[in-house]
>>> print(open('structure11.cif').read())   # mmCIF, C-alpha atoms
data_my_file
#
loop_
_atom_site.group_PDB
_atom_site.id
_atom_site.type_symbol
_atom_site.label_atom_id
_atom_site.label_comp_id
_atom_site.auth_asym_id
_atom_site.auth_seq_id
_atom_site.Cartn_x
_atom_site.Cartn_y
_atom_site.Cartn_z
ATOM 1 C CA MET Z 88 -52.101 -45.030 38.266
ATOM 2 C CA ILE Z 89 -49.016 -47.091 38.998
ATOM 3 C CA ARG Z 90 -46.135 -47.164 36.533
ATOM 4 C CA LEU Z 91 -44.806 -50.598 35.574
ATOM 5 C CA GLU Z 92 -41.179 -50.761 34.496
ATOM 6 C CA PRO Z 93 -40.114 -53.173 31.741
ATOM 7 C CA MET Z 94 -38.117 -56.200 32.833
ATOM 8 C CA ASN Z 95 -34.858 -56.944 31.081
ATOM 9 C CA ILE Z 96 -35.552 -60.633 30.492
ATOM 10 C CA ARG Z 97 -36.084 -62.916 27.563
ATOM 11 C CA LEU Z 98 -39.619 -64.269 27.767
ATOM 12 C CA PRO Z 99 -40.039 -67.997 27.321
ATOM 13 C CA ASP Z 100 -42.429 -69.005 24.561
ATOM 14 C CA SER Z 101 -45.961 -69.327 25.964
ATOM 15 C CA ARG Z 102 -45.931 -73.013 24.911
ATOM 16 C CA ILE Z 103 -43.065 -73.673 27.347
ATOM 17 C CA ALA Z 104 -44.415 -74.629 30.750
ATOM 18 C CA VAL Z 105 -41.817 -72.803 32.894
ATOM 19 C CA GLY Z 106 -39.155 -70.092 32.527
ATOM 20 C CA LEU Z 107 -37.192 -69.171 35.667
ATOM 21 C CA ILE Z 108 -36.346 -65.691 36.980
ATOM 22 C CA THR Z 109 -34.616 -64.602 40.190
ATOM 23 C CA LYS Z 110 -35.353 -60.864 40.180
ATOM 24 C CA PRO Z 111 -37.741 -60.029 43.028
ATOM 25 C CA PRO Z 112 -40.910 -58.081 42.231
ATOM 26 C CA THR Z 113 -40.917 -54.321 42.836
ATOM 27 C CA VAL Z 114 -44.494 -53.143 42.208
ATOM 28 C CA VAL Z 115 -47.490 -54.120 44.336
ATOM 29 C CA VAL Z 116 -51.008 -53.225 43.210
ATOM 30 C CA PRO Z 117 -54.200 -53.489 45.290
ATOM 31 C CA ARG Z 118 -56.585 -56.362 44.695
ATOM 32 C CA GLY Z 119 -59.567 -55.424 42.568
ATOM 33 C CA PRO Z 120 -60.503 -54.905 38.928
ATOM 34 C CA LEU Z 121 -57.471 -53.835 36.896
ATOM 35 C CA SER Z 122 -56.911 -52.213 33.552
ATOM 36 C CA PHE Z 123 -53.644 -51.128 32.009
ATOM 37 C CA PHE Z 124 -52.699 -48.251 29.743
ATOM 38 C CA ALA Z 125 -49.753 -48.206 27.375
ATOM 39 C CA TYR Z 126 -48.293 -45.117 25.781
ATOM 40 C CA GLN Z 127 -45.878 -45.360 22.867
ATOM 41 C CA ARG Z 128 -45.678 -43.151 19.823
ATOM 42 C CA GLU Z 129 -45.703 -46.105 17.414
ATOM 43 C CA LEU Z 130 -49.062 -47.305 18.799
ATOM 44 C CA MET Z 131 -50.734 -44.829 16.412
ATOM 45 C CA THR Z 132 -49.816 -47.062 13.486
ATOM 46 C CA SER Z 133 -48.945 -50.479 14.915
ATOM 47 C CA ALA Z 134 -50.947 -51.361 18.017
ATOM 48 C CA PRO Z 135 -51.110 -55.116 18.666
ATOM 49 C CA ASP Z 136 -54.485 -56.834 18.852
ATOM 50 C CA ASN Z 137 -53.906 -58.487 22.213
ATOM 51 C CA ALA Z 138 -51.738 -58.800 25.290
ATOM 52 C CA GLN Z 139 -51.459 -61.286 28.148
ATOM 53 C CA LEU Z 140 -51.091 -61.529 31.884
ATOM 54 C CA ARG Z 141 -48.908 -64.527 32.673
ATOM 55 C CA ILE Z 142 -48.847 -66.086 36.118
ATOM 56 C CA VAL Z 143 -45.492 -66.102 37.898
ATOM 57 C CA ALA Z 144 -45.244 -68.836 40.532
ATOM 58 C CA GLY Z 145 -42.951 -68.960 43.529
ATOM 59 C CA VAL Z 146 -40.717 -72.029 43.313
ATOM 60 C CA ALA Z 147 -40.455 -74.243 46.375
ATOM 61 C CA ARG Z 148 -38.201 -77.232 46.765
ATOM 62 C CA ALA Z 149 -40.173 -80.419 47.302
ATOM 63 C CA PRO Z 150 -39.786 -81.948 50.777
ATOM 64 C CA SER Z 151 -36.837 -84.360 51.082
ATOM 65 C CA SER Z 152 -39.161 -86.861 52.702
ATOM 66 C CA PRO Z 153 -42.922 -86.975 52.197
ATOM 67 C CA ALA Z 154 -43.374 -87.321 55.967
ATOM 68 C CA SER Z 155 -41.857 -83.891 56.659
ATOM 69 C CA GLY Z 156 -44.288 -82.180 54.289
ATOM 70 C CA LYS Z 157 -42.347 -78.883 54.512
ATOM 71 C CA LEU Z 158 -41.598 -76.885 51.387
ATOM 72 C CA ALA Z 159 -38.382 -74.873 51.247
ATOM 73 C CA VAL Z 160 -39.093 -71.567 49.497
ATOM 74 C CA ASN Z 161 -36.295 -69.545 47.893
ATOM 75 C CA ASN Z 162 -36.066 -66.460 45.672
ATOM 76 C CA THR Z 163 -36.802 -68.167 42.381
ATOM 77 C CA TRP Z 164 -39.959 -67.637 40.364
ATOM 78 C CA ALA Z 165 -41.305 -69.483 37.359
ATOM 79 C CA ILE Z 166 -42.994 -67.715 34.459
ATOM 80 C CA ARG Z 167 -45.829 -70.077 33.690
ATOM 81 C CA SER Z 168 -47.636 -70.724 30.431
ATOM 82 C CA VAL Z 169 -50.909 -70.076 32.343
ATOM 83 C CA SER Z 170 -52.242 -66.707 31.230
ATOM 84 C CA VAL Z 171 -55.191 -64.341 31.013
ATOM 85 C CA ASP Z 172 -55.872 -62.750 27.625
ATOM 86 C CA LEU Z 173 -56.265 -58.992 27.436
ATOM 87 C CA THR Z 174 -58.028 -56.970 24.754
ATOM 88 C CA VAL Z 175 -56.340 -53.883 23.340
ATOM 89 C CA ALA Z 176 -58.496 -50.848 22.608
ATOM 90 C CA PRO Z 177 -57.517 -47.335 21.523
ATOM 91 C CA VAL Z 178 -57.983 -44.443 23.933
ATOM 92 C CA PRO Z 179 -60.032 -41.868 21.988
ATOM 93 C CA GLU Z 180 -58.325 -38.859 23.617
ATOM 94 C CA SER Z 181 -54.826 -40.025 22.628
ATOM 95 C CA ARG Z 182 -53.937 -41.938 19.472
ATOM 96 C CA GLU Z 183 -50.603 -42.950 21.042
ATOM 97 C CA MET Z 184 -52.307 -44.700 23.940
ATOM 98 C CA VAL Z 185 -54.184 -47.995 24.305
ATOM 99 C CA GLU Z 186 -56.114 -49.598 27.146
ATOM 100 C CA LEU Z 187 -55.528 -53.252 28.007
ATOM 101 C CA GLN Z 188 -58.375 -55.022 29.798
ATOM 102 C CA PRO Z 189 -59.209 -58.633 30.633
ATOM 103 C CA GLU Z 190 -61.647 -60.125 28.150
ATOM 104 C CA ASN Z 191 -63.917 -60.759 31.152
ATOM 105 C CA PRO Z 192 -64.546 -57.258 32.604
ATOM 106 C CA ASP Z 193 -65.561 -58.756 35.987
ATOM 107 C CA LEU Z 194 -62.260 -60.596 36.432
ATOM 108 C CA VAL Z 195 -60.407 -59.885 39.674
ATOM 109 C CA LEU Z 196 -56.911 -61.379 39.764
ATOM 110 C CA SER Z 197 -56.080 -63.545 42.745
ATOM 111 C CA PRO Z 198 -53.172 -62.387 44.936
ATOM 112 C CA GLY Z 199 -49.791 -63.298 43.493
ATOM 113 C CA ARG Z 200 -47.200 -62.294 40.941
ATOM 114 C CA TYR Z 201 -47.927 -61.626 37.260
ATOM 115 C CA LEU Z 202 -46.211 -60.430 34.093
ATOM 116 C CA LEU Z 203 -48.033 -58.114 31.742
ATOM 117 C CA VAL Z 204 -46.787 -59.130 28.277
ATOM 118 C CA PHE Z 205 -47.278 -56.432 25.675
ATOM 119 C CA LYS Z 206 -45.404 -56.233 22.364
ATOM 120 C CA ASN Z 207 -42.957 -58.937 23.509
ATOM 121 C CA GLN Z 208 -41.983 -56.922 26.589
ATOM 122 C CA ALA Z 209 -42.667 -58.042 30.168
ATOM 123 C CA TYR Z 210 -43.855 -55.774 32.981
ATOM 124 C CA ASP Z 211 -43.801 -57.295 36.465
ATOM 125 C CA PHE Z 212 -46.248 -56.689 39.324
ATOM 126 C CA VAL Z 213 -47.801 -58.364 42.361
ATOM 127 C CA VAL Z 214 -51.469 -58.298 43.334
ATOM 128 C CA ALA Z 215 -51.518 -57.676 47.108
ATOM 129 C CA GLY Z 216 -52.676 -60.336 49.523
ATOM 130 C CA ALA Z 217 -51.827 -63.841 50.656
ATOM 131 C CA VAL Z 218 -51.463 -66.342 47.818
ATOM 132 C CA THR Z 219 -54.424 -68.723 47.803
ATOM 133 C CA ASP Z 220 -54.266 -70.033 44.223
ATOM 134 C CA ARG Z 221 -51.974 -73.046 43.746
ATOM 135 C CA ALA Z 222 -51.156 -71.798 40.233
ATOM 136 C CA HIS Z 223 -48.849 -69.306 42.020
ATOM 137 C CA CYS Z 224 -46.738 -72.044 43.645
ATOM 138 C CA LEU Z 225 -44.614 -74.728 41.997
ATOM 139 C CA GLU Z 226 -42.603 -77.500 43.632
ATOM 140 C CA ARG Z 227 -39.234 -78.311 42.093
ATOM 141 C CA ALA Z 228 -37.976 -81.870 42.472
ATOM 142 C CA GLU Z 229 -34.731 -83.424 41.271
ATOM 143 C CA THR Z 230 -35.243 -86.632 39.288
ATOM 144 C CA GLU Z 231 -33.004 -88.887 37.233
ATOM 145 C CA ASP Z 232 -34.328 -87.080 34.140
ATOM 146 C CA GLY Z 233 -33.563 -83.602 35.538
ATOM 147 C CA GLU Z 234 -35.715 -81.059 37.329
ATOM 148 C CA LYS Z 235 -39.481 -81.539 37.359
ATOM 149 C CA PHE Z 236 -42.056 -78.921 38.328
ATOM 150 C CA SER Z 237 -45.573 -79.490 39.613
ATOM 151 C CA GLU Z 238 -48.151 -77.317 41.372
ATOM 152 C CA CYS Z 239 -47.709 -77.295 45.128
ATOM 153 C CA ARG Z 240 -49.948 -79.772 46.909
ATOM 154 C CA LYS Z 241 -50.043 -77.347 49.855
ATOM 155 C CA LEU Z 242 -49.205 -73.644 49.813
ATOM 156 C CA PRO Z 243 -46.135 -72.702 51.904
#
>>> encode(input="structure11.cif", output="structure tokens")
Amino acid sequence: MIRLEPMNIRLPDSRIAVGLITKPPTVVVPRGPLSFFAYQRELMTSAPDNAQLRIVAGVARAPSSPASGKLAVNNTWAIRSVSVDLTVAPVPESREMVELQPENPDLVLSPGRYLLVFKNQAYDFVVAGAVTDRAHCLERAETEDGEKFSECRKLP
């Protein structure tokens, strides 16, 4: 078991496409099937029905000229609205504990950063390995209308 510490951030509404954070991740978990356990005394009487894993994408600055094709990566991450739903089930041996599992029991998360969102609290972790899913990379471009984000065309 690996303990996840709560993040002291205000989560953007899941309908908002991007919320930015600058705190680097601290917990790395191995790639493979995952399940989570939560322990809180109030879970005996008020356990939520569901939880989520939200994808956190590294933010890269779009190339200044399309010919260069190079993305500049910095220490900014975007909490995306892309998520995986988790079911919440009681642990029979402890009424103060619940197990959180992906609805698809065969799901293996791709390498990258995620937030476990449970009872409006975020817990940050990284699945080990090189990022191969473009959902974990966003390009930020300055436009006349402000900043625009889009999935990276190429991974940095």
>>> resolve_selection(input="structure11.cif", expression="the PyMOL selection byres ((chain Z and resi 145) around 6)", output="PyMOL selection string")
chain Z and resi 144+146+164+224
>>> resolve_selection(input="structure11.cif", expression="the PyMOL selection byres ((chain Z and resi 88-94) around 6)", output="number ranges by chain")
Z: 95-96, 209-210
>>> atom_distance(input="structure11.cif", atom1="atom CA of Ala228 of chain Z", atom2="atom CA of Thr163 of chain Z")
13.8 Å
>>> atom_distance(input="structure11.cif", atom1="atom CA of Gln139 of chain Z", atom2="atom CA of Leu203 of chain Z")
5.9 Å
>>> resolve_selection(input="structure11.cif", expression="the PyMOL selection byres ((chain Z and resi 196) around 12)", output="PDB file with C-alpha atoms, in the frame of the given file")
ATOM      1  CA  VAL Z 116     -51.008 -53.225  43.210  1.00  0.00           C
ATOM      2  CA  PRO Z 117     -54.200 -53.489  45.290  1.00  0.00           C
ATOM      3  CA  ARG Z 118     -56.585 -56.362  44.695  1.00  0.00           C
ATOM      4  CA  GLY Z 119     -59.567 -55.424  42.568  1.00  0.00           C
ATOM      5  CA  PRO Z 120     -60.503 -54.905  38.928  1.00  0.00           C
ATOM      6  CA  LEU Z 121     -57.471 -53.835  36.896  1.00  0.00           C
ATOM      7  CA  SER Z 122     -56.911 -52.213  33.552  1.00  0.00           C
ATOM      8  CA  LEU Z 140     -51.091 -61.529  31.884  1.00  0.00           C
ATOM      9  CA  ARG Z 141     -48.908 -64.527  32.673  1.00  0.00           C
ATOM     10  CA  ILE Z 142     -48.847 -66.086  36.118  1.00  0.00           C
ATOM     11  CA  SER Z 170     -52.242 -66.707  31.230  1.00  0.00           C
ATOM     12  CA  VAL Z 171     -55.191 -64.341  31.013  1.00  0.00           C
ATOM     13  CA  GLN Z 188     -58.375 -55.022  29.798  1.00  0.00           C
ATOM     14  CA  PRO Z 189     -59.209 -58.633  30.633  1.00  0.00           C
ATOM     15  CA  ASN Z 191     -63.917 -60.759  31.152  1.00  0.00           C
ATOM     16  CA  PRO Z 192     -64.546 -57.258  32.604  1.00  0.00           C
ATOM     17  CA  ASP Z 193     -65.561 -58.756  35.987  1.00  0.00           C
ATOM     18  CA  LEU Z 194     -62.260 -60.596  36.432  1.00  0.00           C
ATOM     19  CA  VAL Z 195     -60.407 -59.885  39.674  1.00  0.00           C
ATOM     20  CA  SER Z 197     -56.080 -63.545  42.745  1.00  0.00           C
ATOM     21  CA  PRO Z 198     -53.172 -62.387  44.936  1.00  0.00           C
ATOM     22  CA  GLY Z 199     -49.791 -63.298  43.493  1.00  0.00           C
ATOM     23  CA  ARG Z 200     -47.200 -62.294  40.941  1.00  0.00           C
ATOM     24  CA  TYR Z 201     -47.927 -61.626  37.260  1.00  0.00           C
ATOM     25  CA  PHE Z 212     -46.248 -56.689  39.324  1.00  0.00           C
ATOM     26  CA  VAL Z 213     -47.801 -58.364  42.361  1.00  0.00           C
ATOM     27  CA  VAL Z 214     -51.469 -58.298  43.334  1.00  0.00           C
ATOM     28  CA  ALA Z 215     -51.518 -57.676  47.108  1.00  0.00           C
ATOM     29  CA  GLY Z 216     -52.676 -60.336  49.523  1.00  0.00           C
ATOM     30  CA  VAL Z 218     -51.463 -66.342  47.818  1.00  0.00           C
ATOM     31  CA  THR Z 219     -54.424 -68.723  47.803  1.00  0.00           C
ATOM     32  CA  ASP Z 220     -54.266 -70.033  44.223  1.00  0.00           C
ATOM     33  CA  ALA Z 222     -51.156 -71.798  40.233  1.00  0.00           C
ATOM     34  CA  HIS Z 223     -48.849 -69.306  42.020  1.00  0.00           C
TER      35      HIS Z 223
END
>>> residues_around(input="structure11.cif", residues="Glu226 of chain Z", least_positions_apart="4", cutoff="7 Å", atoms="only C-alpha atoms", output="compact mmCIF listing (two decimals) with C-alpha atoms, in the frame of the given file")
# COMPACT_ATOMS: atom_id res chain seq x y z
CA VAL Z 146 -40.72 -72.03 43.31
CA ALA Z 147 -40.46 -74.24 46.38
CA ARG Z 148 -38.20 -77.23 46.76
CA ALA Z 149 -40.17 -80.42 47.30
CA PHE Z 236 -42.06 -78.92 38.33
CA SER Z 237 -45.57 -79.49 39.61
CA GLU Z 238 -48.15 -77.32 41.37
CA CYS Z 239 -47.71 -77.30 45.13
>>> closest_residue(input="structure11.cif", among="Z:Ser133, Z:Gln208, Z:Asn162, Z:Gln127", to="Ser181 of chain Z", atoms="only C-alpha atoms")
Z:Gln127
>>> axis_aligned_box(input="structure11.cif", around="segment 103-119 of chain Z", padding_each_side="8 Å", output="AutoDock Vina command-line options")
--center_x -47.1 --center_y -63.9 --center_z 36.3 --size_x 41.0 --size_y 37.5 --size_z 33.9
>>> closest_residue(input="structure11.cif", among="Z:Gly233, Z:Ala217, Z:Glu183, Z:Arg240", to="Tyr126 of chain Z", atoms="only C-alpha atoms")
Z:Glu183
>>> atom_distance(input="structure11.cif", atom1="atom CA of Leu173 of chain Z", atom2="atom CA of Leu242 of chain Z")
27.7 Å
>>> residues_around(input="structure11.cif", residues="Ala176 of chain Z", least_positions_apart="2", cutoff="7 Å", atoms="only C-alpha atoms", output="VMD selection string")
chain Z and resid 174 178 185 to 187
>>> closest_residue(input="structure11.cif", among="Z:Ser168, Z:Thr109, Z:Thr230, Z:Asn137", to="Phe205 of chain Z", atoms="only C-alpha atoms")
Z:Asn137
>>> closest_residue(input="structure11.cif", among="Z:Asp211, Z:Leu98, Z:Pro177, Z:Ile166", to="Phe124 of chain Z", atoms="only C-alpha atoms")
Z:Pro177
>>> build_atoms(input="structure11.cif", residues="segment 118-151 of chain Z", atoms="N, CA and C atoms", output="CSV table (one decimal), keeping the file's coordinate frame")
chain,number,residue,atom,x,y,z
Z,118,ARG,N,-55.7,-55.4,45.3
Z,118,ARG,CA,-56.6,-56.4,44.7
Z,118,ARG,C,-57.9,-55.7,44.3
Z,119,GLY,N,-58.4,-56.0,43.1
Z,119,GLY,CA,-59.6,-55.4,42.6
Z,119,GLY,C,-59.5,-55.4,41.1
Z,120,PRO,N,-60.5,-54.9,40.4
Z,120,PRO,CA,-60.5,-54.9,38.9
Z,120,PRO,C,-59.3,-54.1,38.4
Z,121,LEU,N,-58.6,-54.5,37.4
Z,121,LEU,CA,-57.5,-53.8,36.9
Z,121,LEU,C,-57.6,-53.6,35.4
Z,122,SER,N,-57.1,-52.5,35.0
Z,122,SER,CA,-56.9,-52.2,33.6
Z,122,SER,C,-55.6,-51.5,33.4
Z,123,PHE,N,-55.0,-51.6,32.3
Z,123,PHE,CA,-53.6,-51.1,32.0
Z,123,PHE,C,-53.7,-50.2,30.8
Z,124,PHE,N,-52.8,-49.2,30.9
Z,124,PHE,CA,-52.7,-48.3,29.7
Z,124,PHE,C,-51.3,-48.3,29.3
Z,125,ALA,N,-51.1,-48.3,28.0
Z,125,ALA,CA,-49.8,-48.2,27.4
Z,125,ALA,C,-49.7,-47.0,26.5
Z,126,TYR,N,-48.5,-46.3,26.6
Z,126,TYR,CA,-48.3,-45.1,25.8
Z,126,TYR,C,-47.0,-45.3,25.0
Z,127,GLN,N,-47.1,-45.3,23.7
Z,127,GLN,CA,-45.9,-45.4,22.9
Z,127,GLN,C,-46.3,-44.7,21.6
Z,128,ARG,N,-45.4,-43.9,21.1
Z,128,ARG,CA,-45.7,-43.2,19.8
Z,128,ARG,C,-46.1,-44.1,18.7
Z,129,GLU,N,-45.4,-45.2,18.5
Z,129,GLU,CA,-45.7,-46.1,17.4
Z,129,GLU,C,-47.1,-46.8,17.5
Z,130,LEU,N,-47.7,-46.7,18.7
Z,130,LEU,CA,-49.1,-47.3,18.8
Z,130,LEU,C,-50.1,-46.7,17.8
Z,131,MET,N,-49.8,-45.5,17.4
Z,131,MET,CA,-50.7,-44.8,16.4
Z,131,MET,C,-50.9,-45.7,15.2
Z,132,THR,N,-49.8,-46.3,14.8
Z,132,THR,CA,-49.8,-47.1,13.5
Z,132,THR,C,-49.7,-48.6,13.6
Z,133,SER,N,-49.2,-49.0,14.8
Z,133,SER,CA,-48.9,-50.5,14.9
Z,133,SER,C,-49.3,-51.0,16.3
Z,134,ALA,N,-50.5,-50.8,16.7
Z,134,ALA,CA,-50.9,-51.4,18.0
Z,134,ALA,C,-51.3,-52.8,17.8
Z,135,PRO,N,-50.8,-53.7,18.8
Z,135,PRO,CA,-51.1,-55.1,18.7
Z,135,PRO,C,-52.6,-55.3,19.0
Z,136,ASP,N,-53.1,-56.5,18.6
Z,136,ASP,CA,-54.5,-56.8,18.9
Z,136,ASP,C,-54.7,-57.4,20.3
Z,137,ASN,N,-53.7,-57.9,20.9
Z,137,ASN,CA,-53.9,-58.5,22.2
Z,137,ASN,C,-52.6,-58.4,23.1
Z,138,ALA,N,-52.8,-58.7,24.3
Z,138,ALA,CA,-51.7,-58.8,25.3
Z,138,ALA,C,-52.1,-59.9,26.3
Z,139,GLN,N,-51.2,-60.2,27.2
Z,139,GLN,CA,-51.5,-61.3,28.1
Z,139,GLN,C,-51.0,-60.9,29.5
Z,140,LEU,N,-51.6,-61.5,30.5
Z,140,LEU,CA,-51.1,-61.5,31.9
Z,140,LEU,C,-50.7,-63.0,32.1
Z,141,ARG,N,-49.4,-63.2,32.4
Z,141,ARG,CA,-48.9,-64.5,32.7
Z,141,ARG,C,-48.7,-64.7,34.2
Z,142,ILE,N,-49.0,-65.8,34.7
Z,142,ILE,CA,-48.8,-66.1,36.1
Z,142,ILE,C,-47.4,-66.4,36.4
Z,143,VAL,N,-46.9,-65.8,37.5
Z,143,VAL,CA,-45.5,-66.1,37.9
Z,143,VAL,C,-45.6,-66.8,39.2
Z,144,ALA,N,-45.1,-68.0,39.3
Z,144,ALA,CA,-45.2,-68.8,40.5
Z,144,ALA,C,-44.0,-68.8,41.3
Z,145,GLY,N,-44.1,-68.8,42.7
Z,145,GLY,CA,-43.0,-69.0,43.5
Z,145,GLY,C,-42.5,-70.4,43.4
Z,146,VAL,N,-41.2,-70.7,43.4
Z,146,VAL,CA,-40.7,-72.0,43.3
Z,146,VAL,C,-40.3,-72.5,44.7
Z,147,ALA,N,-40.8,-73.6,45.1
Z,147,ALA,CA,-40.5,-74.2,46.4
Z,147,ALA,C,-39.8,-75.6,46.1
Z,148,ARG,N,-38.8,-75.9,46.9
Z,148,ARG,CA,-38.2,-77.2,46.8
Z,148,ARG,C,-39.1,-78.3,47.4
Z,149,ALA,N,-39.3,-79.4,46.7
Z,149,ALA,CA,-40.2,-80.4,47.3
Z,149,ALA,C,-39.5,-81.0,48.6
Z,150,PRO,N,-40.3,-81.4,49.5
Z,150,PRO,CA,-39.8,-81.9,50.8
Z,150,PRO,C,-38.9,-83.1,50.5
Z,151,SER,N,-37.8,-83.3,51.3
Z,151,SER,CA,-36.8,-84.4,51.1
Z,151,SER,C,-37.5,-85.7,51.4
